[in-house]
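Just model_27.cif here, mmCIF, C-alpha atoms:
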```
data_target
loop_
_atom_site.label_atom_id
_atom_site.label_comp_id
_atom_site.auth_asym_id
_atom_site.auth_seq_id
_atom_site.Cartn_x
_atom_site.Cartn_y
_atom_site.Cartn_z
CA MET E 1 -9.25 0.03 12.98
CA ALA E 2 -12.70 1.11 11.96
CA ALA E 3 -15.62 0.06 14.12
CA ILE E 4 -17.72 -2.92 13.05
CA SER E 5 -20.70 -1.82 11.01
CA MET E 6 -24.06 -3.55 11.54
CA LEU E 7 -24.60 -4.84 8.02
CA ARG E 8 -26.75 -7.72 6.83
CA PRO E 9 -24.87 -10.77 5.48
CA LEU E 10 -24.02 -10.64 1.81
CA SER E 11 -26.13 -12.62 -0.62
CA CYS E 12 -23.52 -13.73 -3.13
CA SER E 13 -24.53 -15.46 -6.33
CA PRO E 14 -24.48 -19.30 -6.23
CA LEU E 15 -22.37 -21.34 -6.10
CA PRO E 16 6.95 -22.88 -18.73
CA THR E 17 10.38 -22.43 -16.59
CA ARG E 18 11.16 -19.11 -14.89
CA SER E 19 12.70 -16.51 -17.21
CA LYS E 20 16.49 -16.38 -17.23
CA ARG E 21 18.22 -13.57 -15.37
CA SER E 22 19.15 -11.83 -18.63
CA THR E 23 15.47 -11.64 -19.57
CA ALA E 24 14.54 -10.20 -16.18
CA THR E 25 17.28 -7.60 -16.55
CA LYS E 26 15.96 -6.53 -19.94
CA ARG E 27 12.45 -6.23 -18.53
CA ALA E 28 13.74 -4.03 -15.72
CA THR E 29 14.29 -1.23 -18.24
CA LYS E 30 10.54 -0.91 -18.90
CA PRO E 31 9.42 2.66 -18.06
CA SER E 32 6.06 1.74 -16.48
CA SER E 33 7.54 0.94 -13.05
CA LEU E 34 10.81 1.25 -11.20
CA SER E 35 10.70 -2.41 -10.24
CA PRO E 36 8.62 -4.30 -12.80
CA ALA E 37 7.46 -7.87 -12.47
CA ILE E 38 9.85 -10.74 -12.94
CA SER E 39 8.12 -13.64 -14.74
CA PRO E 40 8.58 -17.02 -13.13
CA SER E 41 6.95 -20.07 -14.67
CA PRO E 42 4.67 -21.92 -14.27
CA LEU E 43 2.33 -18.99 -13.69
CA LYS E 44 0.89 -18.94 -10.18
CA LYS E 45 -2.75 -17.92 -9.81
CA VAL E 46 -3.70 -15.92 -6.73
CA LEU E 47 -7.08 -14.78 -5.40
CA VAL E 48 -7.33 -11.61 -3.28
CA PRO E 49 -10.99 -10.89 -2.39
CA VAL E 50 -12.12 -7.41 -1.35
CA ALA E 51 -15.26 -6.01 0.27
CA LEU E 52 -16.69 -2.79 1.62
CA GLY E 53 -14.34 -1.84 4.45
CA THR E 54 -11.38 -3.96 3.36
CA GLU E 55 -8.07 -2.56 4.62
CA GLU E 56 -6.65 -0.98 1.46
CA MET E 57 -2.99 -1.14 2.44
CA GLU E 58 -3.23 -4.87 3.04
CA ALA E 59 -5.10 -5.62 -0.19
CA VAL E 60 -3.07 -3.39 -2.48
CA ILE E 61 0.34 -4.30 -1.04
CA LEU E 62 -0.49 -8.00 -1.42
CA VAL E 63 -1.56 -7.55 -5.03
CA ASP E 64 1.30 -5.23 -5.95
CA ILE E 65 4.10 -7.40 -4.54
CA LEU E 66 2.72 -10.69 -5.85
CA ARG E 67 2.34 -9.19 -9.33
CA ARG E 68 5.95 -7.98 -9.18
CA ALA E 69 6.91 -11.61 -8.63
CA GLY E 70 5.03 -12.60 -11.78
CA ALA E 71 1.90 -14.07 -10.16
CA ASP E 72 -1.45 -13.83 -11.96
CA VAL E 73 -3.44 -12.04 -9.24
CA LEU E 74 -7.21 -11.58 -9.40
CA ILE E 75 -8.82 -8.95 -7.20
CA ALA E 76 -12.37 -10.24 -6.70
CA SER E 77 -15.23 -8.19 -5.29
CA VAL E 78 -17.73 -9.89 -2.98
CA GLU E 79 -19.98 -6.84 -3.36
CA PRO E 80 -22.66 -6.42 -6.07
CA GLY E 81 -20.34 -4.15 -8.11
CA LEU E 82 -16.63 -4.11 -8.92
CA GLU E 83 -15.96 -0.73 -7.30
CA VAL E 84 -15.31 -1.21 -3.58
CA GLU E 85 -14.78 1.51 -0.96
CA ALA E 86 -12.03 0.42 1.41
CA SER E 87 -11.69 1.11 5.13
CA THR E 88 -10.35 4.68 4.96
CA GLY E 89 -12.24 5.65 1.80
CA THR E 90 -9.96 4.68 -1.09
CA LYS E 91 -12.06 3.29 -3.94
CA ILE E 92 -10.58 0.14 -5.51
CA VAL E 93 -11.93 -1.38 -8.73
CA ALA E 94 -11.79 -5.19 -8.62
CA ASP E 95 -10.85 -7.25 -11.68
CA VAL E 96 -13.79 -9.65 -11.39
CA SER E 97 -16.78 -10.58 -9.26
CA ILE E 98 -16.27 -13.41 -6.78
CA ALA E 99 -18.97 -15.34 -8.70
CA ASP E 100 -16.59 -15.46 -11.68
CA CYS E 101 -14.08 -17.33 -9.50
CA ALA E 102 -16.40 -20.08 -8.24
CA ASP E 103 -15.04 -22.76 -10.59
CA LYS E 104 -11.42 -21.59 -10.72
CA LYS E 105 -8.47 -23.18 -8.95
CA PHE E 106 -5.83 -21.01 -7.33
CA ASP E 107 -2.32 -21.60 -6.05
CA LEU E 108 -2.96 -19.12 -3.22
CA VAL E 109 -5.97 -17.50 -1.56
CA ALA E 110 -4.97 -14.47 0.55
CA LEU E 111 -7.51 -12.53 2.60
CA PRO E 112 -6.94 -8.87 3.56
CA GLY E 113 -8.38 -7.62 6.86
CA GLY E 114 -10.17 -4.47 7.87
CA MET E 115 -13.65 -4.00 9.29
CA PRO E 116 -16.39 -4.40 8.22
CA GLY E 117 -14.51 -5.87 5.24
CA SER E 118 -13.50 -9.05 7.05
CA ALA E 119 -17.07 -9.68 8.21
CA ARG E 120 -18.34 -9.24 4.67
CA LEU E 121 -15.74 -11.68 3.35
CA ARG E 122 -16.83 -14.16 6.05
CA ASP E 123 -20.49 -13.88 5.00
CA CYS E 124 -19.83 -14.55 1.30
CA GLN E 125 -20.72 -18.20 0.70
CA ILE E 126 -18.90 -18.40 -2.64
CA LEU E 127 -15.66 -17.20 -1.07
CA ARG E 128 -16.11 -19.63 1.82
CA SER E 129 -16.59 -22.54 -0.59
CA ILE E 130 -13.53 -21.55 -2.66
CA THR E 131 -11.29 -21.12 0.39
CA CYS E 132 -12.40 -24.29 2.21
CA LYS E 133 -11.91 -26.48 -0.88
CA HIS E 134 -8.55 -24.79 -1.43
CA ALA E 135 -7.46 -25.53 2.16
CA GLU E 136 -8.70 -29.14 1.95
CA ALA E 137 -6.46 -29.59 -1.12
CA LYS E 138 -3.47 -28.51 1.02
CA ARG E 139 -2.76 -25.43 -1.09
CA PRO E 140 -1.41 -22.23 0.54
CA TYR E 141 -3.89 -19.79 2.04
CA GLY E 142 -3.62 -16.91 4.46
CA ALA E 143 -5.17 -13.95 6.20
CA ILE E 144 -3.99 -10.74 7.83
CA CYS E 145 -5.18 -8.33 10.51
CA ALA E 146 -8.82 -9.03 11.53
CA ALA E 147 -9.33 -11.75 8.90
CA PRO E 148 -7.77 -14.71 10.79
CA ALA E 149 -10.18 -14.24 13.71
CA VAL E 150 -13.21 -12.92 11.84
CA VAL E 151 -13.05 -15.10 8.70
CA LEU E 152 -10.85 -18.19 9.08
CA GLU E 153 -11.78 -19.06 12.66
CA PRO E 154 -15.57 -19.29 11.98
CA TRP E 155 -14.81 -21.28 8.81
CA GLY E 156 -12.84 -23.84 10.83
CA LEU E 157 -9.59 -23.18 8.95
CA LEU E 158 -7.38 -22.50 11.99
CA LYS E 159 -7.70 -25.90 13.67
CA ARG E 160 -4.44 -27.21 15.14
CA LYS E 161 -2.42 -24.44 13.52
CA LYS E 162 -0.42 -21.62 15.03
CA MET E 163 -1.64 -18.22 13.94
CA THR E 164 -1.39 -14.49 14.59
CA GLY E 165 -3.56 -11.47 13.91
CA HIS E 166 -4.18 -7.84 14.75
CA PRO E 167 -3.69 -7.15 18.49
CA ALA E 168 -7.31 -5.97 18.76
CA PHE E 169 -8.51 -9.43 17.60
CA MET E 170 -6.05 -11.73 19.36
CA HIS E 171 -8.59 -12.50 22.10
CA LYS E 172 -10.84 -14.03 19.43
CA LEU E 173 -8.18 -16.57 18.42
CA PRO E 174 -7.59 -19.92 20.17
CA THR E 175 -5.34 -18.98 23.10
CA PHE E 176 -3.08 -22.04 22.94
CA TRP E 177 -2.30 -21.57 19.22
CA ALA E 178 -2.12 -17.74 18.95
CA VAL E 179 1.32 -16.10 18.83
CA ALA E 180 2.34 -12.44 18.77
CA SER E 181 4.59 -12.49 15.70
CA ASN E 182 4.50 -10.38 12.54
CA ILE E 183 4.32 -13.50 10.35
CA GLN E 184 3.27 -16.99 11.33
CA VAL E 185 3.52 -19.89 8.84
CA SER E 186 1.89 -23.12 9.93
CA GLY E 187 1.72 -25.68 7.15
CA GLU E 188 -0.42 -24.24 4.34
CA LEU E 189 -1.64 -21.37 6.57
CA THR E 190 0.11 -17.98 6.78
CA THR E 191 -1.18 -15.19 9.03
CA SER E 192 0.01 -11.68 9.80
CA ARG E 193 -0.80 -8.74 12.07
CA GLY E 194 -1.80 -5.62 10.12
CA PRO E 195 -1.05 -2.98 7.49
CA GLY E 196 2.42 -2.40 8.90
CA THR E 197 3.33 -6.06 8.32
CA ALA E 198 1.66 -6.43 4.90
CA MET E 199 4.93 -6.31 2.94
CA GLU E 200 6.40 -9.13 5.04
CA PHE E 201 3.14 -11.07 4.57
CA ALA E 202 3.33 -10.72 0.77
CA LEU E 203 7.03 -11.63 0.64
CA SER E 204 6.33 -14.74 2.70
CA PHE E 205 3.96 -15.90 -0.03
CA ILE E 206 6.56 -15.20 -2.72
CA GLU E 207 9.02 -17.40 -0.84
CA GLN E 208 6.41 -20.18 -0.58
CA LEU E 209 5.33 -19.97 -4.22
CA PHE E 210 8.60 -19.10 -5.97
CA GLY E 211 11.46 -19.62 -3.55
CA LYS E 212 13.60 -17.66 -1.14
CA SER E 213 15.92 -16.11 -3.74
CA LEU E 214 13.09 -14.36 -5.57
CA ALA E 215 11.58 -13.19 -2.27
CA GLU E 216 14.93 -11.62 -1.35
CA GLU E 217 15.27 -10.09 -4.82
CA ILE E 218 11.81 -8.52 -4.67
CA GLY E 219 12.45 -7.33 -1.12
CA GLY E 220 15.58 -5.58 -2.37
CA THR E 221 13.71 -3.79 -5.17
CA LEU E 222 11.16 -2.63 -2.59
CA LEU E 223 13.99 -1.01 -0.55
CA MET E 224 13.14 -3.16 2.45
CA HIS E 225 16.71 -4.23 3.18
CA VAL E 226 17.79 -1.04 4.93
CA ASP E 227 20.85 -0.78 7.18
CA ASP E 228 19.47 -0.45 10.75
CA LYS E 229 22.46 1.73 11.63
CA LEU E 230 21.27 4.43 9.22
CA PRO E 231 18.54 6.88 10.29
CA ARG E 232 15.02 6.34 8.99
CA LYS E 233 14.66 10.08 8.49
CA GLU E 234 16.77 13.21 8.56
CA GLU E 235 15.49 16.74 9.09
CA PHE E 236 17.14 20.04 8.20
CA ASN E 237 16.07 23.68 8.70
CA LEU E 238 13.35 22.85 11.23
CA VAL E 239 9.97 24.44 10.44
CA ASP E 240 6.73 24.09 12.42
CA TRP E 241 4.02 22.35 10.33
CA SER E 242 1.23 22.49 12.91
CA CYS E 243 -2.13 23.80 11.64
CA ASN E 244 -4.96 25.63 13.37
CA ASN E 245 -7.40 23.46 11.44
CA ILE E 246 -7.54 19.92 10.07
CA PRO E 247 -4.62 19.58 7.60
CA GLN E 248 -5.79 19.59 3.99
CA VAL E 249 -3.70 17.22 1.85
CA LEU E 250 -3.73 16.72 -1.92
CA VAL E 251 -2.40 13.51 -3.54
CA PRO E 252 -2.48 13.84 -7.35
CA VAL E 253 -2.42 10.56 -9.30
CA ALA E 254 -1.83 9.59 -12.93
CA ASN E 255 -1.76 6.36 -14.91
CA GLY E 256 1.39 4.47 -13.91
CA PHE E 257 1.56 5.70 -10.29
CA GLU E 258 2.91 3.40 -7.57
CA GLU E 259 -0.23 2.02 -5.89
CA MET E 260 1.55 1.01 -2.68
CA GLU E 261 2.72 4.57 -2.14
CA VAL E 262 -0.68 6.16 -2.74
CA VAL E 263 -2.70 3.81 -0.54
CA THR E 264 -0.09 4.02 2.23
CA ILE E 265 0.08 7.80 2.37
CA VAL E 266 -3.70 8.21 2.06
CA ASP E 267 -4.58 5.45 4.54
CA ILE E 268 -2.17 6.61 7.25
CA LEU E 269 -2.96 10.32 6.94
CA ARG E 270 -6.70 9.62 7.07
CA ARG E 271 -6.18 7.48 10.17
CA ALA E 272 -4.48 10.51 11.73
CA LYS E 273 -7.60 12.57 10.83
CA ALA E 274 -6.10 14.65 8.03
CA ASP E 275 -8.47 15.57 5.18
CA VAL E 276 -6.92 13.84 2.15
CA VAL E 277 -8.08 14.28 -1.46
CA ILE E 278 -6.94 11.98 -4.27
CA ALA E 279 -7.08 13.95 -7.53
CA SER E 280 -6.71 12.48 -11.02
CA VAL E 281 -4.70 14.37 -13.63
CA GLU E 282 -6.21 12.08 -16.28
CA LYS E 283 -9.46 12.67 -18.18
CA SER E 284 -11.09 9.91 -16.12
CA LEU E 285 -11.33 9.59 -12.34
CA GLN E 286 -10.39 5.93 -12.69
CA VAL E 287 -6.62 5.58 -12.82
CA VAL E 288 -4.52 2.47 -13.53
CA ALA E 289 -1.42 2.03 -11.37
CA SER E 290 1.97 0.57 -12.26
CA GLN E 291 1.02 -2.97 -11.20
CA LYS E 292 -2.43 -2.63 -12.81
CA THR E 293 -4.47 -1.95 -9.67
CA LYS E 294 -7.31 0.43 -10.53
CA ILE E 295 -8.49 3.12 -8.13
CA VAL E 296 -11.09 5.87 -8.47
CA ALA E 297 -9.91 9.35 -7.47
CA ASP E 298 -12.06 11.62 -5.32
CA LYS E 299 -12.04 14.43 -7.90
CA SER E 300 -10.25 15.74 -10.96
CA ILE E 301 -7.15 17.91 -10.63
CA ASP E 302 -9.09 20.84 -12.13
CA ALA E 303 -11.72 20.52 -9.39
CA ALA E 304 -8.89 20.49 -6.85
CA LEU E 305 -8.08 24.08 -7.83
CA GLU E 306 -11.08 25.19 -5.79
CA SER E 307 -9.27 24.49 -2.51
CA LEU E 308 -6.07 25.39 -0.71
CA TYR E 309 -3.85 22.62 0.62
CA ASP E 310 -1.50 22.53 3.58
CA LEU E 311 0.42 19.74 1.83
CA ILE E 312 0.72 18.39 -1.73
CA ILE E 313 2.38 14.98 -2.09
CA LEU E 314 3.43 13.50 -5.45
CA PRO E 315 3.53 9.68 -5.49
CA GLY E 316 6.13 7.86 -7.57
CA GLY E 317 6.14 5.52 -10.54
CA VAL E 318 8.22 6.48 -13.60
CA THR E 319 5.28 6.73 -16.01
CA GLY E 320 3.06 8.33 -13.39
CA ALA E 321 5.69 10.95 -12.51
CA GLU E 322 6.06 11.91 -16.17
CA ARG E 323 2.31 12.38 -16.48
CA LEU E 324 2.21 14.44 -13.30
CA HIS E 325 4.95 16.66 -14.72
CA SER E 326 2.82 17.22 -17.84
CA SER E 327 -0.19 18.50 -15.90
CA LYS E 328 -0.47 22.29 -16.25
CA THR E 329 -2.99 22.42 -13.43
CA LEU E 330 -0.65 20.59 -11.07
CA LYS E 331 2.20 22.94 -12.03
CA ARG E 332 -0.03 25.87 -11.09
CA LEU E 333 -0.93 24.28 -7.75
CA LEU E 334 2.74 23.62 -6.95
CA LYS E 335 3.75 27.19 -7.84
CA GLU E 336 1.06 28.49 -5.51
CA GLN E 337 2.31 26.13 -2.84
CA ILE E 338 5.86 27.48 -2.96
CA SER E 339 4.80 31.13 -3.31
CA THR E 340 2.69 30.87 -0.14
CA ARG E 341 5.34 28.83 1.69
CA ARG E 342 3.04 25.87 2.19
CA ILE E 343 4.31 22.30 2.33
CA TYR E 344 4.96 19.96 -0.59
CA GLY E 345 6.84 16.76 -1.24
CA ALA E 346 7.42 13.74 -3.42
CA MET E 347 8.07 10.02 -3.21
CA CYS E 348 10.19 7.57 -5.17
CA SER E 349 10.72 8.91 -8.73
CA SER E 350 8.59 12.05 -8.32
CA PRO E 351 11.33 14.24 -6.79
CA THR E 352 12.36 14.48 -10.47
CA VAL E 353 9.10 16.39 -11.06
CA LEU E 354 9.93 18.88 -8.31
CA HIS E 355 13.50 19.15 -9.58
CA ARG E 356 12.45 19.90 -13.17
CA GLN E 357 10.08 22.58 -11.93
CA GLY E 358 12.80 24.22 -9.84
CA LEU E 359 11.14 23.34 -6.52
CA LEU E 360 14.16 21.65 -4.92
CA GLN E 361 16.59 24.57 -5.24
CA GLY E 362 18.49 25.03 -2.00
CA LYS E 363 16.79 22.01 -0.45
CA ARG E 364 18.18 18.71 0.77
CA PHE E 365 16.24 15.77 -0.67
CA THR E 366 16.27 12.10 -1.55
CA ALA E 367 14.65 9.90 -4.22
CA HIS E 368 14.55 6.33 -5.53
CA PRO E 369 18.08 5.03 -6.25
CA ALA E 370 17.12 4.49 -9.91
CA VAL E 371 16.54 8.23 -10.49
CA ILE E 372 18.61 10.01 -7.87
CA ASN E 373 21.64 10.28 -10.17
CA LYS E 374 19.49 12.42 -12.48
CA LEU E 375 19.02 15.05 -9.79
CA GLU E 376 21.45 17.88 -9.16
CA GLY E 377 21.63 19.53 -5.78
CA GLN E 378 21.95 18.64 -2.12
CA VAL E 379 21.19 14.92 -2.13
CA ALA E 380 20.82 13.43 1.38
CA ASP E 381 21.05 9.74 0.59
CA ALA E 382 21.55 8.14 4.01
CA ALA E 383 17.96 8.20 5.29
CA GLY E 384 14.81 6.88 3.65
CA VAL E 385 12.93 10.12 4.43
CA VAL E 386 14.37 13.65 4.23
CA ILE E 387 12.65 16.80 5.50
CA ASP E 388 14.09 20.23 4.72
CA GLY E 389 11.89 23.02 6.03
CA ASN E 390 8.59 22.72 4.19
CA VAL E 391 9.75 20.03 1.71
CA ILE E 392 9.62 16.29 2.34
CA THR E 393 10.93 13.50 0.07
CA CYS E 394 11.48 9.76 0.36
CA LYS E 395 13.00 6.87 -1.56
CA GLY E 396 9.60 5.23 -1.97
CA LEU E 397 7.98 1.80 -1.67
CA GLY E 398 9.61 0.30 1.43
CA THR E 399 10.01 3.76 3.00
CA ALA E 400 6.41 4.85 2.35
CA VAL E 401 5.15 4.04 5.86
CA ASP E 402 8.03 5.99 7.46
CA PHE E 403 7.25 8.86 5.07
CA ALA E 404 3.56 8.95 5.98
CA LEU E 405 4.25 8.69 9.72
CA ALA E 406 6.86 11.47 9.51
CA ILE E 407 4.13 13.72 8.08
CA VAL E 408 1.73 12.70 10.87
CA GLU E 409 4.35 13.60 13.47
CA LYS E 410 5.04 16.99 11.86
CA PHE E 411 1.34 17.89 11.75
CA PHE E 412 0.05 16.30 14.96
CA GLY E 413 2.98 15.47 17.24
CA HIS E 414 4.57 12.35 18.67
CA ALA E 415 1.57 11.07 20.65
CA ARG E 416 -0.61 10.93 17.53
CA VAL E 417 2.04 9.25 15.40
CA ARG E 418 2.65 6.61 18.08
CA SER E 419 -1.09 5.90 18.19
CA VAL E 420 -1.35 5.56 14.41
CA ALA E 421 1.77 3.36 14.23
CA GLU E 422 0.37 1.09 16.93
CA GLY E 423 -2.94 0.82 15.05
CA ILE E 424 -1.25 -0.43 11.89
CA VAL E 425 1.21 -2.62 13.87
CA PHE E 426 4.34 -0.77 12.77
CA ASN E 427 7.45 -0.32 14.89
CA TYR E 428 7.93 3.46 14.92
CA PRO E 429 10.96 4.88 16.77
CA ARG E 430 10.21 6.40 20.16
CA THR E 431 12.50 9.36 19.53
#
```
Is it possible to give me this structure as structure tokens?
Amino acid sequence: MAAISMLRPLSCSPLPTRSKRSTATKRATKPSSLSPAISPSPLKKVLVPVALGTEEMEAVILVDILRRAGADVLIASVEPGLEVEASTGTKIVADVSIADCADKKFDLVALPGGMPGSARLRDCQILRSITCKHAEAKRPYGAICAAPAVVLEPWGLLKRKKMTGHPAFMHKLPTFWAVASNIQVSGELTTSRGPGTAMEFALSFIEQLFGKSLAEEIGGTLLMHVDDKLPRKEEFNLVDWSCNNIPQVLVPVANGFEEMEVVTIVDILRRAKADVVIASVEKSLQVVASQKTKIVADKSIDAALESLYDLIILPGGVTGAERLHSSKTLKRLLKEQISTRRIYGAMCSSPTVLHRQGLLQGKRFTAHPAVINKLEGQVADAAGVVIDGNVITCKGLGTAVDFALAIVEKFFGHARVRSVAEGIVFNYPRT
């Protein structure tokens, strides 16, 4: 986790029935996302505040999964502007300012962690007022990572409740009530440990707000229910990926990309000290993801032509993948990648982009179950992540962390990947 920054406290401004299964099935054919939202009713309103230094995986995964369940999620900035730079540098554009939420009532308030993001959430008086009134009304609230210790404990919202948090902050929690579990639900309070447990954290809220059956359904669409007997990854035609310099990684994005996949790959690779560039293939640097999260890319895809990359990774999302395929500049970059025998890969639905451009010939690969039947060739469907020489693919969403950590191990070795996995509180295999 990033070190605490010595920043002054923020001066915030003052103070129908769920759709039938047949309807949900029809909506599942929408092209904007492989697993679009299912619309329960009545609509549940959720607040996810963000600040400078917020952990992007935690914030975006929360928002993404809750929106898939049909919740009306507001990302609210506690900073002066809506654009917020998260802990490893991803720029997220909030929906509203926290001041716009002062008089609103929510069914859930969920706080992401990260430092100094958690401290800046703690110091926002508007957010404190909203959350304390919410908790007093016995409505669900929660926090993950550093936020239970840094935010909820000083606000007095952990009293007589069991809780968990990031291992680095457990000593700041009341010893008698702190437990080392991925998820801890204690009455209206739900806490969790870190980026690696963020999907479980979000699904716990879906179960509380909408019921267990929808939580299980969403978990299935996220590819979380994987057979433990199957390998997480398979590798063929072993090739050394180690670099003499810091690995240079390009992640191109387009409207309709899967936000969970992008923030996961970028966050984890940056933690491992790779140099990662997010490049927009759109006319604007601001790009809207499949579940409507907005991020600001580091540069345009044309500007990305100025550099060479050790690895190019295409994130998924049906609409996003189609727009990536249409980018002439990206096609040129990928052709250069294969001609120079550098590394490339794709997640979720984007192996279809590589396939259509002839970049999977003679390679074993995998993809999201919804698109894999469209691909001809050597499909390796048992594992979530498949590496064949200098090509890496994954099924997406629930396999994104394994995918990112597999890349870290290939570039930096097992000691580095174990360190990164421990930092995000993710159980990575020892062998």
* Non-local contacts of range 380-387 of chain E (6 Å; all atoms listed in the file; under 3 positions in same chain excluded) as a ChimeraX atom specification -> /E:231-235,364-366,391-395,399,403
* Would you translate the PyMOL selection byres ((chain E and resi 110) around 9) into the concrete set of residues it matches in this file, as an MDAnalysis selection string? => chainID E and resid 46:49 59 62 108:109 111:112 140:144 190
* **Selection: 10 Å around range 74-80 of chain E, all atoms listed in the file, excl. self and same-chain fewer than 4 positions, as a VMD selection string** => chain E and resid 10 to 13 45 to 52 59 to 60 63 67 84 92 to 101 106 109 117 120 to 121 123 to 127 293
* Asked: Taking into account only C-alpha atoms, which residue in the set E:His368, E:Lys91, E:Lys161, E:Lys273 is nearest to Ile295 in chain E?
  ->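 So, comparing all the options, the nearest one is E:Lys91.
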* Could you tell me how far CA of Glu207 in chain E lies from CA of Asn182 in chain E, in Å and to one decimal? =>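 One can read the CA of Glu207 in chain E to CA of Asn182 in chain E distance as 15.8 Å.
Atom to atom, CA of Gln208 in chain E and CA of Val263 in chain E stand 25.7 Å apart.
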* Asked: Which value, in Å to one decimal, gives the distance between CA of Ala406 in chain E and CA of Asn390 in chain E?
  -> 12.6 Å
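What the PyMOL selection byres ((chain E and resi 358) around 12) grabs from this file is E:His325, E:Lys331, E:Leu334, E:Lys335, E:Ile338, E:Pro351, E:Thr352, E:Val353, E:Leu354, E:His355, E:Arg356, E:Gln357, E:Leu359, E:Leu360, E:Gln361, E:Gly362, E:Lys363, E:Leu375, E:Glu376, E:Gly377.
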Do a neighbour search on Gly413 in chain E at 12 Å with only C-alpha atoms, toss out local chain neighbours closer than 4 positions, and write the hits as a compact mmCIF listing (two decimals) with C-alpha atoms, in the coordinates of the input.
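Writing the result to result_0.txt gives the following:
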```txt
# COMPACT_ATOMS: atom_id res chain seq x y z
CA ASP E 240 6.73 24.09 12.42
CA TRP E 241 4.02 22.35 10.33
CA SER E 242 1.23 22.49 12.91
CA CYS E 243 -2.13 23.80 11.64
CA ALA E 272 -4.48 10.51 11.73
CA LEU E 405 4.25 8.69 9.72
CA ALA E 406 6.86 11.47 9.51
CA ILE E 407 4.13 13.72 8.08
CA VAL E 408 1.73 12.70 10.87
CA GLU E 409 4.35 13.60 13.47
CA VAL E 417 2.04 9.25 15.40
CA ARG E 418 2.65 6.61 18.08
CA SER E 419 -1.09 5.90 18.19
CA VAL E 420 -1.35 5.56 14.41
CA ARG E 430 10.21 6.40 20.16
CA THR E 431 12.50 9.36 19.53
```
* Name the residues captured by the PyMOL selection byres ((chain E and resi 285) around 9) when it is applied to the shown file; answer as a list in words. => Ala279, Ser280, Val281, Glu282, Lys283, Ser284, Gln286, Val287, Ile295, Val296, Ala297, Asp298, Lys299 and Ser300 of chain E
* Would you mind telling me which residue in E:Leu43, E:Val239, E:Val425, E:Ile61 lies nearest to Asp107 in chain E when using all atoms listed in the file? =>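 Closest candidate: E:Leu43.
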